[in-house]
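Here is the file run39.pdb (PDB, C-alpha atoms and all ligand atoms).
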MODEL        1
ATOM      1  CA  MET A   1     -50.942  -8.100  10.490
ATOM      2  CA  ASN A   2     -49.439  -8.697  13.898
ATOM      3  CA  ILE A   3     -47.226  -5.915  15.230
ATOM      4  CA  ASP A   4     -46.085  -5.545  18.823
ATOM      5  CA  LEU A   5     -46.035  -1.760  19.112
ATOM      6  CA  THR A   6     -44.424  -2.007  22.552
ATOM      7  CA  ASP A   7     -41.255  -3.357  20.900
ATOM      8  CA  PRO A   8     -38.691  -0.590  21.648
ATOM      9  CA  ILE A   9     -37.490  -0.534  18.028
ATOM     10  CA  PHE A  10     -40.860   1.028  17.109
ATOM     11  CA  ASN A  11     -40.914   3.736  19.771
ATOM     12  CA  ASN A  12     -37.411   4.287  21.140
ATOM     13  CA  GLU A  13     -34.961   6.015  18.822
ATOM     14  CA  GLU A  14     -31.830   4.639  20.510
ATOM     15  CA  ALA A  15     -33.161   1.062  20.322
ATOM     16  CA  ALA A  16     -34.163   1.565  16.699
ATOM     17  CA  ARG A  17     -30.759   2.928  15.712
ATOM     18  CA  LYS A  18     -28.943   0.080  17.514
ATOM     19  CA  HIS A  19     -31.209  -2.386  15.711
ATOM     20  CA  PHE A  20     -30.275  -0.949  12.328
ATOM     21  CA  GLU A  21     -26.554  -0.801  13.203
ATOM     22  CA  ALA A  22     -26.585  -4.459  14.272
ATOM     23  CA  SER A  23     -28.294  -5.376  11.012
ATOM     24  CA  ARG A  24     -25.917  -3.377   8.825
ATOM     25  CA  TRP A  25     -22.751  -4.086  10.789
ATOM     26  CA  PRO A  26     -22.962  -7.585  12.275
ATOM     27  CA  SER A  27     -19.176  -7.569  12.849
ATOM     28  CA  GLY A  28     -18.902  -4.008  14.118
ATOM     29  CA  PRO A  29     -18.968  -0.596  12.429
ATOM     30  CA  ILE A  30     -17.494  -0.418   8.920
ATOM     31  CA  CYS A  31     -15.891   2.866   7.933
ATOM     32  CA  PRO A  32     -17.359   3.909   4.556
ATOM     33  CA  HIS A  33     -14.289   6.067   3.835
ATOM     34  CA  CYS A  34     -11.484   3.500   4.184
ATOM     35  CA  GLY A  35     -13.408   0.233   4.637
ATOM     36  CA  VAL A  36     -11.798  -0.792   7.923
ATOM     37  CA  ILE A  37     -14.046  -2.906  10.133
ATOM     38  CA  GLY A  38     -14.426  -2.533  13.881
ATOM     39  CA  ASN A  39     -11.815   0.155  14.471
ATOM     40  CA  SER A  40     -13.943   3.148  15.259
ATOM     41  CA  VAL A  41     -15.309   4.877  18.308
ATOM     42  CA  GLU A  42     -18.795   6.227  18.852
ATOM     43  CA  LEU A  43     -18.616   9.954  19.574
ATOM     44  CA  ARG A  44     -20.534  11.070  22.614
ATOM     45  CA  GLY A  45     -21.133  14.642  23.590
ATOM     46  CA  ASN A  46     -23.799  17.256  24.009
ATOM     47  CA  SER A  47     -23.237  18.707  20.567
ATOM     48  CA  THR A  48     -22.792  15.319  18.865
ATOM     49  CA  ARG A  49     -25.748  13.612  17.297
ATOM     50  CA  PRO A  50     -26.267   9.996  18.364
ATOM     51  CA  GLY A  51     -24.869   7.344  16.065
ATOM     52  CA  LEU A  52     -21.856   9.324  14.916
ATOM     53  CA  TYR A  53     -18.680   7.230  14.768
ATOM     54  CA  ASN A  54     -15.098   8.208  14.136
ATOM     55  CA  CYS A  55     -12.702   5.905  12.321
ATOM     56  CA  ARG A  56      -9.375   5.370  14.126
ATOM     57  CA  ASP A  57      -7.680   4.465  10.830
ATOM     58  CA  CYS A  58      -8.577   7.454   8.661
ATOM     59  CA  ASP A  59      -9.895   9.767  11.398
ATOM     60  CA  LYS A  60     -13.122  10.533   9.520
ATOM     61  CA  PRO A  61     -16.658  10.603  10.935
ATOM     62  CA  PHE A  62     -19.515   8.454   9.671
ATOM     63  CA  THR A  63     -22.907   7.011  10.571
ATOM     64  CA  ALA A  64     -24.693   3.778   9.627
ATOM     65  CA  MET A  65     -27.056   5.830   7.454
ATOM     66  CA  ILE A  66     -24.402   6.652   4.844
ATOM     67  CA  GLY A  67     -25.140   5.018   1.495
ATOM     68  CA  THR A  68     -28.668   3.936   2.443
ATOM     69  CA  ILE A  69     -32.186   5.193   1.807
ATOM     70  CA  PHE A  70     -31.979   6.863   5.262
ATOM     71  CA  GLU A  71     -29.114   9.160   4.314
ATOM     72  CA  ARG A  72     -30.125  12.814   4.768
ATOM     73  CA  SER A  73     -33.554  11.792   6.037
ATOM     74  CA  HIS A  74     -34.970  13.664   9.037
ATOM     75  CA  ILE A  75     -37.428  10.887   9.825
ATOM     76  CA  PRO A  76     -36.445   9.046  13.024
ATOM     77  CA  MET A  77     -35.312   5.439  12.608
ATOM     78  CA  HIS A  78     -38.098   4.028  14.792
ATOM     79  CA  LYS A  79     -40.631   5.424  12.311
ATOM     80  CA  TRP A  80     -38.711   3.919   9.416
ATOM     81  CA  LEU A  81     -38.767   0.522  11.140
ATOM     82  CA  LEU A  82     -42.492   0.771  11.817
ATOM     83  CA  ALA A  83     -43.210   1.861   8.241
ATOM     84  CA  MET A  84     -41.161  -1.052   6.891
ATOM     85  CA  ARG A  85     -43.030  -3.452   9.113
ATOM     86  CA  LEU A  86     -46.416  -2.030   8.060
ATOM     87  CA  MET A  87     -45.613  -2.052   4.348
ATOM     88  CA  SER A  88     -44.081  -5.513   4.382
ATOM     89  CA  SER A  89     -46.963  -7.063   6.357
ATOM     90  CA  SER A  90     -49.939  -5.565   4.568
ATOM     91  CA  LYS A  91     -50.955  -7.835   1.705
ATOM     92  CA  LYS A  92     -52.383  -5.116  -0.519
ATOM     93  CA  GLY A  93     -50.042  -2.327   0.530
ATOM     94  CA  ILE A  94     -50.628   0.915   2.412
ATOM     95  CA  SER A  95     -51.306   4.286   0.843
ATOM     96  CA  ALA A  96     -49.033   7.214   1.610
ATOM     97  CA  HIS A  97     -51.991   9.002   3.235
ATOM     98  CA  GLN A  98     -52.583   6.088   5.593
ATOM     99  CA  LEU A  99     -48.878   5.726   6.334
ATOM    100  CA  GLY A 100     -48.625   9.453   7.079
ATOM    101  CA  ARG A 101     -51.559   9.282   9.497
ATOM    102  CA  MET A 102     -50.186   6.233  11.310
ATOM    103  CA  LEU A 103     -46.744   7.802  11.708
ATOM    104  CA  GLY A 104     -48.030  11.275  12.583
ATOM    105  CA  PHE A 105     -46.552  13.135   9.615
ATOM    106  CA  GLY A 106     -47.957  16.541   8.810
ATOM    107  CA  SER A 107     -47.101  16.281   5.155
ATOM    108  CA  TYR A 108     -48.260  13.865   2.481
ATOM    109  CA  ARG A 109     -45.019  14.418   0.593
ATOM    110  CA  THR A 110     -42.973  13.078   3.528
ATOM    111  CA  ALA A 111     -44.976   9.843   3.634
ATOM    112  CA  TRP A 112     -44.996   9.515  -0.155
ATOM    113  CA  PHE A 113     -41.226   9.865  -0.455
ATOM    114  CA  MET A 114     -40.696   7.493   2.482
ATOM    115  CA  ALA A 115     -42.923   4.841   0.894
ATOM    116  CA  HIS A 116     -41.007   5.033  -2.372
ATOM    117  CA  ARG A 117     -37.686   4.614  -0.591
ATOM    118  CA  ILE A 118     -39.071   1.554   1.199
ATOM    119  CA  ARG A 119     -40.241   0.108  -2.133
ATOM    120  CA  GLU A 120     -36.733   0.652  -3.441
ATOM    121  CA  SER A 121     -35.446  -1.330  -0.440
ATOM    122  CA  MET A 122     -37.772  -4.162  -1.423
ATOM    123  CA  ARG A 123     -36.399  -4.265  -4.959
ATOM    124  CA  GLU A 124     -34.041  -7.099  -5.785
ATOM    125  CA  VAL A 125     -30.944  -5.528  -7.274
ATOM    126  CA  HIS A 126     -29.733  -8.493  -9.305
ATOM    127  CA  PRO A 127     -32.594 -10.991  -9.650
ATOM    128  CA  GLU A 128     -30.572 -12.812 -12.326
ATOM    129  CA  SER A 129     -27.964 -13.697  -9.698
ATOM    130  CA  ALA A 130     -30.576 -15.985  -8.118
ATOM    131  CA  GLY A 131     -30.610 -17.948 -11.390
ATOM    132  CA  PRO A 132     -33.558 -18.709 -13.646
ATOM    133  CA  LEU A 133     -36.980 -19.775 -12.361
ATOM    134  CA  GLY A 134     -38.136 -23.360 -12.824
ATOM    135  CA  GLY A 135     -36.026 -26.381 -13.675
ATOM    136  CA  GLU A 136     -36.483 -30.134 -13.981
ATOM    137  CA  GLY A 137     -40.011 -31.139 -12.926
ATOM    138  CA  LYS A 138     -40.999 -27.550 -12.124
ATOM    139  CA  THR A 139     -43.737 -25.400 -13.584
ATOM    140  CA  VAL A 140     -43.596 -21.707 -14.395
ATOM    141  CA  GLU A 141     -46.732 -19.794 -15.357
ATOM    142  CA  ILE A 142     -46.267 -16.714 -17.514
ATOM    143  CA  ASP A 143     -48.792 -14.066 -18.478
ATOM    144  CA  GLU A 144     -49.221 -10.414 -19.298
ATOM    145  CA  THR A 145     -51.658  -7.930 -17.849
ATOM    146  CA  PHE A 146     -52.418  -4.225 -18.066
ATOM    147  CA  VAL A 147     -52.797  -1.710 -15.278
ATOM    148  CA  GLY A 148     -53.826   1.911 -15.015
ATOM    149  CA  GLY A 149     -56.188   3.799 -17.264
ATOM    150  CA  LYS A 150     -59.803   4.474 -16.487
ATOM    151  CA  GLU A 151     -61.522   1.288 -17.658
ATOM    152  CA  LYS A 152     -61.740  -1.653 -15.333
ATOM    153  CA  ASN A 153     -59.035  -4.143 -16.197
ATOM    154  CA  LYS A 154     -61.189  -7.067 -17.043
ATOM    155  CA  HIS A 155     -59.441 -10.127 -18.301
ATOM    156  CA  ARG A 156     -61.158 -10.208 -21.673
ATOM    157  CA  ASN A 157     -60.389  -6.544 -22.299
ATOM    158  CA  LYS A 158     -56.722  -7.115 -22.489
ATOM    159  CA  ARG A 159     -56.928  -8.807 -25.890
ATOM    160  CA  LYS A 160     -57.721  -5.439 -27.409
ATOM    161  CA  HIS A 161     -54.488  -4.031 -26.207
ATOM    162  CA  ILE A 162     -52.052  -6.726 -27.188
ATOM    163  CA  GLY A 163     -49.006  -5.291 -28.874
ATOM    164  CA  THR A 164     -49.850  -1.752 -27.886
ATOM    165  CA  GLY A 165     -49.992  -1.542 -24.107
ATOM    166  CA  GLY A 166     -52.548   1.056 -25.140
ATOM    167  CA  ALA A 167     -55.616   2.911 -23.923
ATOM    168  CA  GLY A 168     -53.570   4.610 -21.229
ATOM    169  CA  LYS A 169     -52.639   1.307 -19.673
ATOM    170  CA  GLU A 170     -49.215   0.008 -18.781
ATOM    171  CA  ALA A 171     -48.120  -3.494 -19.724
ATOM    172  CA  VAL A 172     -46.825  -5.907 -17.108
ATOM    173  CA  PHE A 173     -45.313  -9.297 -17.833
ATOM    174  CA  SER A 174     -44.863 -11.732 -14.940
ATOM    175  CA  LEU A 175     -43.382 -15.175 -14.434
ATOM    176  CA  VAL A 176     -44.351 -17.271 -11.403
ATOM    177  CA  GLU A 177     -42.867 -20.592 -10.399
ATOM    178  CA  ARG A 178     -45.511 -22.761  -8.713
ATOM    179  CA  GLY A 179     -44.638 -22.994  -5.048
ATOM    180  CA  GLY A 180     -41.818 -20.520  -5.689
ATOM    181  CA  LYS A 181     -41.144 -16.953  -6.666
ATOM    182  CA  VAL A 182     -42.527 -14.327  -8.992
ATOM    183  CA  ARG A 183     -40.722 -11.827 -11.219
ATOM    184  CA  SER A 184     -42.657  -8.959 -12.746
ATOM    185  CA  HIS A 185     -41.583  -6.612 -15.486
ATOM    186  CA  HIS A 186     -42.995  -3.310 -16.670
ATOM    187  CA  ILE A 187     -42.598  -3.480 -20.437
ATOM    188  CA  PRO A 188     -43.272  -0.861 -23.120
ATOM    189  CA  ALA A 189     -45.675  -3.163 -25.005
ATOM    190  CA  VAL A 190     -46.625  -6.823 -25.133
ATOM    191  CA  THR A 191     -44.669  -7.995 -28.145
ATOM    192  CA  ALA A 192     -42.686 -11.159 -28.777
ATOM    193  CA  LYS A 193     -39.619  -8.953 -29.130
ATOM    194  CA  ASN A 194     -40.048  -7.611 -25.590
ATOM    195  CA  LEU A 195     -41.073 -10.884 -23.951
ATOM    196  CA  ARG A 196     -38.578 -13.282 -25.512
ATOM    197  CA  PRO A 197     -35.383 -12.005 -23.842
ATOM    198  CA  ILE A 198     -37.117 -12.114 -20.439
ATOM    199  CA  VAL A 199     -38.349 -15.670 -20.940
ATOM    200  CA  GLU A 200     -35.012 -16.884 -22.291
ATOM    201  CA  ALA A 201     -32.978 -15.333 -19.498
ATOM    202  CA  GLN A 202     -35.285 -16.116 -16.602
ATOM    203  CA  ILE A 203     -36.765 -19.559 -17.174
ATOM    204  CA  HIS A 204     -34.682 -22.699 -16.937
ATOM    205  CA  GLY A 205     -34.796 -24.749 -20.160
ATOM    206  CA  ALA A 206     -36.202 -27.910 -18.521
ATOM    207  CA  THR A 207     -39.236 -26.079 -17.140
ATOM    208  CA  TYR A 208     -42.856 -26.948 -17.799
ATOM    209  CA  VAL A 209     -44.184 -23.566 -18.981
ATOM    210  CA  MET A 210     -47.875 -22.663 -18.763
ATOM    211  CA  THR A 211     -49.528 -19.795 -20.557
ATOM    212  CA  ASP A 212     -52.968 -18.564 -21.381
ATOM    213  CA  GLU A 213     -53.974 -19.697 -24.912
ATOM    214  CA  GLY A 214     -54.449 -16.177 -26.222
ATOM    215  CA  ALA A 215     -51.295 -14.773 -24.702
ATOM    216  CA  VAL A 216     -48.463 -13.445 -26.815
ATOM    217  CA  ALA A 217     -46.224 -15.392 -24.460
ATOM    218  CA  LYS A 218     -47.644 -18.671 -25.787
ATOM    219  CA  ASN A 219     -45.579 -18.394 -28.938
ATOM    220  CA  LEU A 220     -42.374 -17.929 -27.009
ATOM    221  CA  SER A 221     -42.350 -21.116 -25.081
ATOM    222  CA  GLY A 222     -40.744 -23.310 -27.747
ATOM    223  CA  GLY A 223     -37.451 -24.658 -26.530
ATOM    224  CA  PHE A 224     -38.812 -25.596 -23.120
ATOM    225  CA  ALA A 225     -39.352 -29.181 -22.034
ATOM    226  CA  LEU A 226     -43.122 -29.196 -22.204
ATOM    227  CA  HIS A 227     -45.772 -26.650 -22.665
ATOM    228  CA  GLY A 228     -49.413 -26.363 -21.719
ATOM    229  CA  SER A 229     -51.868 -23.597 -22.369
ATOM    230  CA  VAL A 230     -55.415 -22.828 -21.339
ATOM    231  CA  ASN A 231     -57.999 -21.325 -23.647
ATOM    232  CA  HIS A 232     -59.954 -18.817 -21.585
ATOM    233  CA  SER A 233     -62.004 -17.621 -24.541
ATOM    234  CA  ILE A 234     -63.921 -20.910 -24.648
ATOM    235  CA  GLY A 235     -64.309 -21.043 -20.894
ATOM    236  CA  GLU A 236     -61.623 -23.589 -20.253
ATOM    237  CA  TYR A 237     -59.779 -22.630 -17.107
ATOM    238  CA  VAL A 238     -58.284 -25.747 -15.640
ATOM    239  CA  ARG A 239     -57.295 -28.964 -17.359
ATOM    240  CA  GLY A 240     -55.580 -31.095 -14.787
ATOM    241  CA  ASP A 241     -52.232 -29.515 -14.137
ATOM    242  CA  VAL A 242     -52.640 -27.225 -17.107
ATOM    243  CA  HIS A 243     -53.785 -23.945 -15.617
ATOM    244  CA  THR A 244     -52.603 -20.417 -14.930
ATOM    245  CA  ASN A 245     -54.320 -19.991 -11.565
ATOM    246  CA  THR A 246     -51.103 -19.106  -9.743
ATOM    247  CA  ILE A 247     -50.245 -16.120 -11.905
ATOM    248  CA  GLU A 248     -53.859 -14.984 -12.062
ATOM    249  CA  GLY A 249     -54.022 -15.109  -8.272
ATOM    250  CA  TYR A 250     -50.904 -12.979  -8.164
ATOM    251  CA  PHE A 251     -52.288 -10.420 -10.646
ATOM    252  CA  SER A 252     -55.515 -10.292  -8.676
ATOM    253  CA  VAL A 253     -53.732  -9.318  -5.425
ATOM    254  CA  PHE A 254     -51.642  -6.774  -7.295
ATOM    255  CA  LYS A 255     -54.652  -5.199  -8.989
ATOM    256  CA  ARG A 256     -56.787  -5.079  -5.871
ATOM    257  CA  GLY A 257     -53.881  -3.383  -4.145
ATOM    258  CA  ILE A 258     -53.320  -0.942  -6.975
ATOM    259  CA  ILE A 259     -56.990  -0.072  -7.397
ATOM    260  CA  GLY A 260     -57.919  -0.053  -3.720
ATOM    261  CA  THR A 261     -54.828   1.527  -2.243
ATOM    262  CA  TYR A 262     -52.862   3.444  -4.821
ATOM    263  CA  HIS A 263     -55.434   5.474  -6.679
ATOM    264  CA  HIS A 264     -53.036   7.490  -8.716
ATOM    265  CA  LEU A 265     -50.565   5.135 -10.237
ATOM    266  CA  SER A 266     -48.224   6.856 -12.591
ATOM    267  CA  GLN A 267     -46.171   5.127 -15.188
ATOM    268  CA  GLN A 268     -42.759   6.069 -13.850
ATOM    269  CA  HIS A 269     -43.552   4.492 -10.476
ATOM    270  CA  LEU A 270     -45.004   1.217 -11.692
ATOM    271  CA  LYS A 271     -41.719  -0.681 -11.455
ATOM    272  CA  ARG A 272     -41.485   0.179  -7.759
ATOM    273  CA  TYR A 273     -45.040  -0.984  -7.055
ATOM    274  CA  LEU A 274     -44.213  -4.214  -8.868
ATOM    275  CA  ALA A 275     -41.089  -4.576  -6.729
ATOM    276  CA  GLU A 276     -43.241  -4.127  -3.620
ATOM    277  CA  PHE A 277     -45.826  -6.748  -4.589
ATOM    278  CA  ASP A 278     -43.188  -9.179  -5.899
ATOM    279  CA  PHE A 279     -41.288  -8.809  -2.638
ATOM    280  CA  ARG A 280     -44.280  -9.618  -0.419
ATOM    281  CA  TYR A 281     -45.190 -12.595  -2.597
ATOM    282  CA  ASN A 282     -41.635 -13.926  -2.591
ATOM    283  CA  GLU A 283     -41.326 -13.561   1.175
ATOM    284  CA  ARG A 284     -44.826 -14.834   1.916
ATOM    285  CA  ALA A 285     -46.017 -16.610   5.032
ATOM    286  CA  ALA A 286     -46.649 -19.818   3.054
ATOM    287  CA  LEU A 287     -42.873 -20.044   2.571
ATOM    288  CA  ASN A 288     -42.493 -19.768   6.366
ATOM    289  CA  VAL A 289     -41.365 -16.143   6.397
ATOM    290  CA  THR A 290     -42.608 -14.247   9.468
ATOM    291  CA  ASP A 291     -43.667 -10.585   9.457
ATOM    292  CA  ALA A 292     -40.552  -9.700  11.467
ATOM    293  CA  GLU A 293     -38.220 -11.578   9.092
ATOM    294  CA  ARG A 294     -39.818  -9.915   6.084
ATOM    295  CA  ALA A 295     -39.340  -6.463   7.631
ATOM    296  CA  GLU A 296     -35.728  -7.360   8.473
ATOM    297  CA  LYS A 297     -35.138  -8.208   4.840
ATOM    298  CA  VAL A 298     -36.460  -4.792   3.784
ATOM    299  CA  LEU A 299     -34.099  -3.170   6.268
ATOM    300  CA  ARG A 300     -31.118  -5.016   4.768
ATOM    301  CA  GLY A 301     -32.333  -3.932   1.322
ATOM    302  CA  ALA A 302     -32.082  -0.277   2.376
ATOM    303  CA  VAL A 303     -28.299  -0.449   2.107
ATOM    304  CA  GLY A 304     -26.767   0.714  -1.170
ATOM    305  CA  LYS A 305     -29.980   2.368  -2.369
ATOM    306  CA  ARG A 306     -29.748   6.099  -1.796
ATOM    307  CA  MET A 307     -32.591   7.945  -3.452
ATOM    308  CA  THR A 308     -33.300  11.646  -3.811
ATOM    309  CA  TYR A 309     -36.783  13.139  -3.982
ATOM    310  CA  GLN A 310     -36.144  13.981  -7.647
ATOM    311  CA  GLU A 311     -35.187  10.377  -8.405
ATOM    312  CA  ALA A 312     -38.281   9.097  -6.605
ATOM    313  CA  ASN A 313     -40.331  11.429  -8.742
ATOM    314  CA  GLY A 314     -38.805  10.052 -11.924
ATOM    315  CA  LYS A 315     -36.989  13.258 -12.737
ATOM    316  CA  GLY A 316     -33.475  11.875 -12.689
ATOM    317  CA  ALA A 317     -30.671  12.685 -10.279
TER     318      ALA A 317
HETATM  319 ZN    ZN B 401     -11.837   4.958   7.927
ENDMDL
END
Would you write the structure of this file as C-alpha cells?
Amino acid sequence: MNIDLTDPIFNNEEAARKHFEASRWPSGPICPHCGVIGNSVELRGNSTRPGLYNCRDCDKPFTAMIGTIFERSHIPMHKWLLAMRLMSSSKKGISAHQLGRMLGFGSYRTAWFMAHRIRESMREVHPESAGPLGGEGKTVEIDETFVGGKEKNKHRNKRKHIGTGGAGKEAVFSLVERGGKVRSHHIPAVTAKNLRPIVEAQIHGATYVMTDEGAVAKNLSGGFALHGSVNHSIGEYVRGDVHTNTIEGYFSVFKRGIIGTYHHLSQQHLKRYLAEFDFRYNERAALNVTDAERAEKVLRGAVGKRMTYQEANGKGA
C-alpha cells in the first residue's frame, strides 16, 4: 500500500470536498431537484456550511452529498477519502477496529457503518450490463466454496455440504475469467437449480469452462464450447490448461481476508464482503489499475447508494 498522507484530500476538508465535487460534477454542479447543470451558486456566509449550493433555476439548496453514501454523515470528507483509499488498496481488507483507530474514531459503530457504506460503493449495480464473462477463445473457471461456521474451510470438507450450504456455513459461487474479472454470488445452497441461471446469464456460450470434477457446477456446463474439469479427489490438480488455479487463488485471498480480518462474518453482510473482494480483484494492479484510480472508482460508486444504519445492519429501511 502506497499512500501519500500529505495529499491535501486526506487532511484538508476543503480540498477533499472539492475533490469529490469535481468527481461527481465534472461539468459543474447538478441540481438534484430540477436537474439543471451549472446554474447554481455556492452559498458563502458565517452561518452557511461549506459546500452548500443554491440553484438559480428552482431556487432550492443542495450539496454534492445528496443521494450518496455520504448523505447525513457527520464524518468529514477527507476521512471518507482516506478510508476509501485504505480499503481499496489493502488486499485482504481492513477491519472496522483498525479503520476506526487509523481515522481516530471513538466508536466502533462509526467505523463499522462507514466500512459497510464503502463496500456498497464498491458493489457493481448492474454487472449484467457489462455482458457475460468469457467468449471465443476465453476460459472461465467456476467453483463453489463455503465460508463462516467454526470449522476450518478445508477444500475436502466442502463435499459434505453440497446441496445444503450447511453446518453454519454460507455458500458462495464464483466465476472468474482468466486474465479478466470475477463475479461472486452468495447463494442459499449449492444446487443445480441455483447455479444454472447464473451460469447461463453470465458466461458467453463460446467459452471454455473449467470446473472442479466434484463440483455441482460440472453438470451445468453443457452447452458451452468446450469443457474441462480437474479431479482433486485423486490428486490431479493441473492437466495442461485444464485447471482451476485462478478461482482457487481468488477464494484463498477471500478466505484469508475473511478469517484474518473479519472475525465475525454474519450472513446478511456476506454479499457486501464479496462485493469488496470482487472489486479489488477486478481493479487489480495486474490490470494496470493504480491505488489512486481504484479509490477514485470507489468514490464514483458512492453516488446513488444511500444507506441507513438499519439497512447496513440488514434490518430493512
Ligand atoms: Zn434546481
Residues of chain A that have any atom at most 10 Å from an atom of ligand ZN 401 (chain B): could you tabulate them with the shortest-distance atom pair and the distance in Å to one decimal, using only C-alpha atoms and all ligand atoms, ordered by chain and increasing number, as CSV?
residue,atom,partner,partner_atom,distance
A:Ile30,CA,B:ZN401,ZN,7.9
A:Cys31,CA,B:ZN401,ZN,4.6
A:Pro32,CA,B:ZN401,ZN,6.6
A:His33,CA,B:ZN401,ZN,4.9
A:Cys34,CA,B:ZN401,ZN,4.0
A:Gly35,CA,B:ZN401,ZN,6.0
A:Val36,CA,B:ZN401,ZN,5.8
A:Ile37,CA,B:ZN401,ZN,8.5
A:Gly38,CA,B:ZN401,ZN,9.9
A:Asn39,CA,B:ZN401,ZN,8.1
A:Ser40,CA,B:ZN401,ZN,7.8
A:Tyr53,CA,B:ZN401,ZN,9.9
A:Asn54,CA,B:ZN401,ZN,7.7
A:Cys55,CA,B:ZN401,ZN,4.6
A:Arg56,CA,B:ZN401,ZN,6.7
A:Asp57,CA,B:ZN401,ZN,5.1
A:Cys58,CA,B:ZN401,ZN,4.2
A:Asp59,CA,B:ZN401,ZN,6.2
A:Lys60,CA,B:ZN401,ZN,5.9
A:Pro61,CA,B:ZN401,ZN,8.0
A:Phe62,CA,B:ZN401,ZN,8.6
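Atom pair atom CA of Lys18 of chain A / atom CA of Arg72 of chain A has a distance of 18.1 Å (rounded to one decimal).
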| task | Identify, on the basis of only C-alpha atoms, every residue whose closest approach to segment 279-282 of chain A does not exceed 6 Å; exclude the query and any residue fewer than 2 positions from it along the same chain; express the result as number ranges by chain. | result | A: 122, 181, 275-277, 284
Exactly which residues make up the result of the PyMOL selection byres (((chain A and resi 255-266) around 12) and not hetatm) on this file, given as a short mmCIF file (atom, residue, chain, number, x, y, z; two decimals) with C-alpha atoms, keeping the file's coordinate frame?
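That gives us result08.cif:
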data_model
loop_
_atom_site.label_atom_id
_atom_site.label_comp_id
_atom_site.auth_asym_id
_atom_site.auth_seq_id
_atom_site.Cartn_x
_atom_site.Cartn_y
_atom_site.Cartn_z
CA MET A 87 -45.61 -2.05 4.35
CA SER A 90 -49.94 -5.56 4.57
CA LYS A 91 -50.96 -7.84 1.70
CA LYS A 92 -52.38 -5.12 -0.52
CA GLY A 93 -50.04 -2.33 0.53
CA ILE A 94 -50.63 0.92 2.41
CA SER A 95 -51.31 4.29 0.84
CA ALA A 96 -49.03 7.21 1.61
CA HIS A 97 -51.99 9.00 3.24
CA GLN A 98 -52.58 6.09 5.59
CA LEU A 99 -48.88 5.73 6.33
CA TRP A 112 -45.00 9.52 -0.16
CA ALA A 115 -42.92 4.84 0.89
CA THR A 145 -51.66 -7.93 -17.85
CA PHE A 146 -52.42 -4.22 -18.07
CA VAL A 147 -52.80 -1.71 -15.28
CA GLY A 148 -53.83 1.91 -15.02
CA GLY A 149 -56.19 3.80 -17.26
CA LYS A 150 -59.80 4.47 -16.49
CA GLU A 151 -61.52 1.29 -17.66
CA LYS A 152 -61.74 -1.65 -15.33
CA ASN A 153 -59.04 -4.14 -16.20
CA LYS A 154 -61.19 -7.07 -17.04
CA HIS A 155 -59.44 -10.13 -18.30
CA GLY A 168 -53.57 4.61 -21.23
CA LYS A 169 -52.64 1.31 -19.67
CA GLU A 170 -49.22 0.01 -18.78
CA VAL A 172 -46.82 -5.91 -17.11
CA GLU A 248 -53.86 -14.98 -12.06
CA GLY A 249 -54.02 -15.11 -8.27
CA TYR A 250 -50.90 -12.98 -8.16
CA PHE A 251 -52.29 -10.42 -10.65
CA SER A 252 -55.52 -10.29 -8.68
CA VAL A 253 -53.73 -9.32 -5.42
CA PHE A 254 -51.64 -6.77 -7.30
CA GLN A 267 -46.17 5.13 -15.19
CA GLN A 268 -42.76 6.07 -13.85
CA HIS A 269 -43.55 4.49 -10.48
CA LEU A 270 -45.00 1.22 -11.69
CA LYS A 271 -41.72 -0.68 -11.46
CA ARG A 272 -41.48 0.18 -7.76
CA TYR A 273 -45.04 -0.98 -7.06
CA LEU A 274 -44.21 -4.21 -8.87
CA GLU A 276 -43.24 -4.13 -3.62
CA PHE A 277 -45.83 -6.75 -4.59
CA ALA A 312 -38.28 9.10 -6.60
CA ASN A 313 -40.33 11.43 -8.74
CA GLY A 314 -38.80 10.05 -11.92
#
| said: Taking the file as I've supplied it (selection: the PyMOL selection byres (((chain A and resi 12) around 12) and not hetatm)), which residues are included? Please answer as a VMD selection string. | reply: chain A and resid 5 to 11 13 to 19 76 to 82
| request: Could you tell me which of A:Ile142, A:Ala83, A:Ala22, A:Val41 comes closest to Ala64 of chain A if we count all atoms listed in the file? | output: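 So, comparing all the options, the nearest one is A:Ala22.
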| When distances are computed from only C-alpha atoms, which of A:Ala295, A:Ile75, A:Val242, A:Met65 shows the smallest separation from Phe113 of chain A? | A:Ile75
| request: Between atom CA of Ala215 of chain A and atom CA of Ala171 of chain A, measure the distance and give it in Å to one decimal. | output: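 Computing the Euclidean distance for atom CA of Ala215 of chain A and atom CA of Ala171 of chain A yields 12.7 Å.
Considering all atoms listed in the file, the residue among A:Ile69, A:Leu175, A:Leu220, A:Ala130 positioned nearest to Met114 of chain A is A:Ile69.
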| task | Tell me which of A:Thr68, A:Ile3, A:Arg49, A:Arg117 sits closest to Arg24 of chain A, counting all atoms listed in the file. | result |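 Selected residue with least distance to Arg24 of chain A: A:Thr68.
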| field | Using all atoms listed in the file: which of A:Asp291, A:Asp278, A:Glu120, A:Glu177 has the shortest distance to Tyr208 of chain A | value | A:Glu177
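Reported to one decimal place, the separation of atom CA of Phe70 of chain A from atom CA of Glu42 of chain A is 18.9 Å.
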Size and centre in Å, one decimal, axis-aligned box, all listed segment 122-129 of chain A atoms plus 6 Å per side, as JSON:
{"center_x": -32.9, "center_y": -8.9, "center_z": -6.9, "size_x": 21.8, "size_y": 21.5, "size_z": 22.9}
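Among the candidate residues A:Arg183, A:Arg306, A:Arg294, A:Arg300, the one lying nearest to Gly131 of chain A is A:Arg183, with distances computed using all atoms listed in the file.
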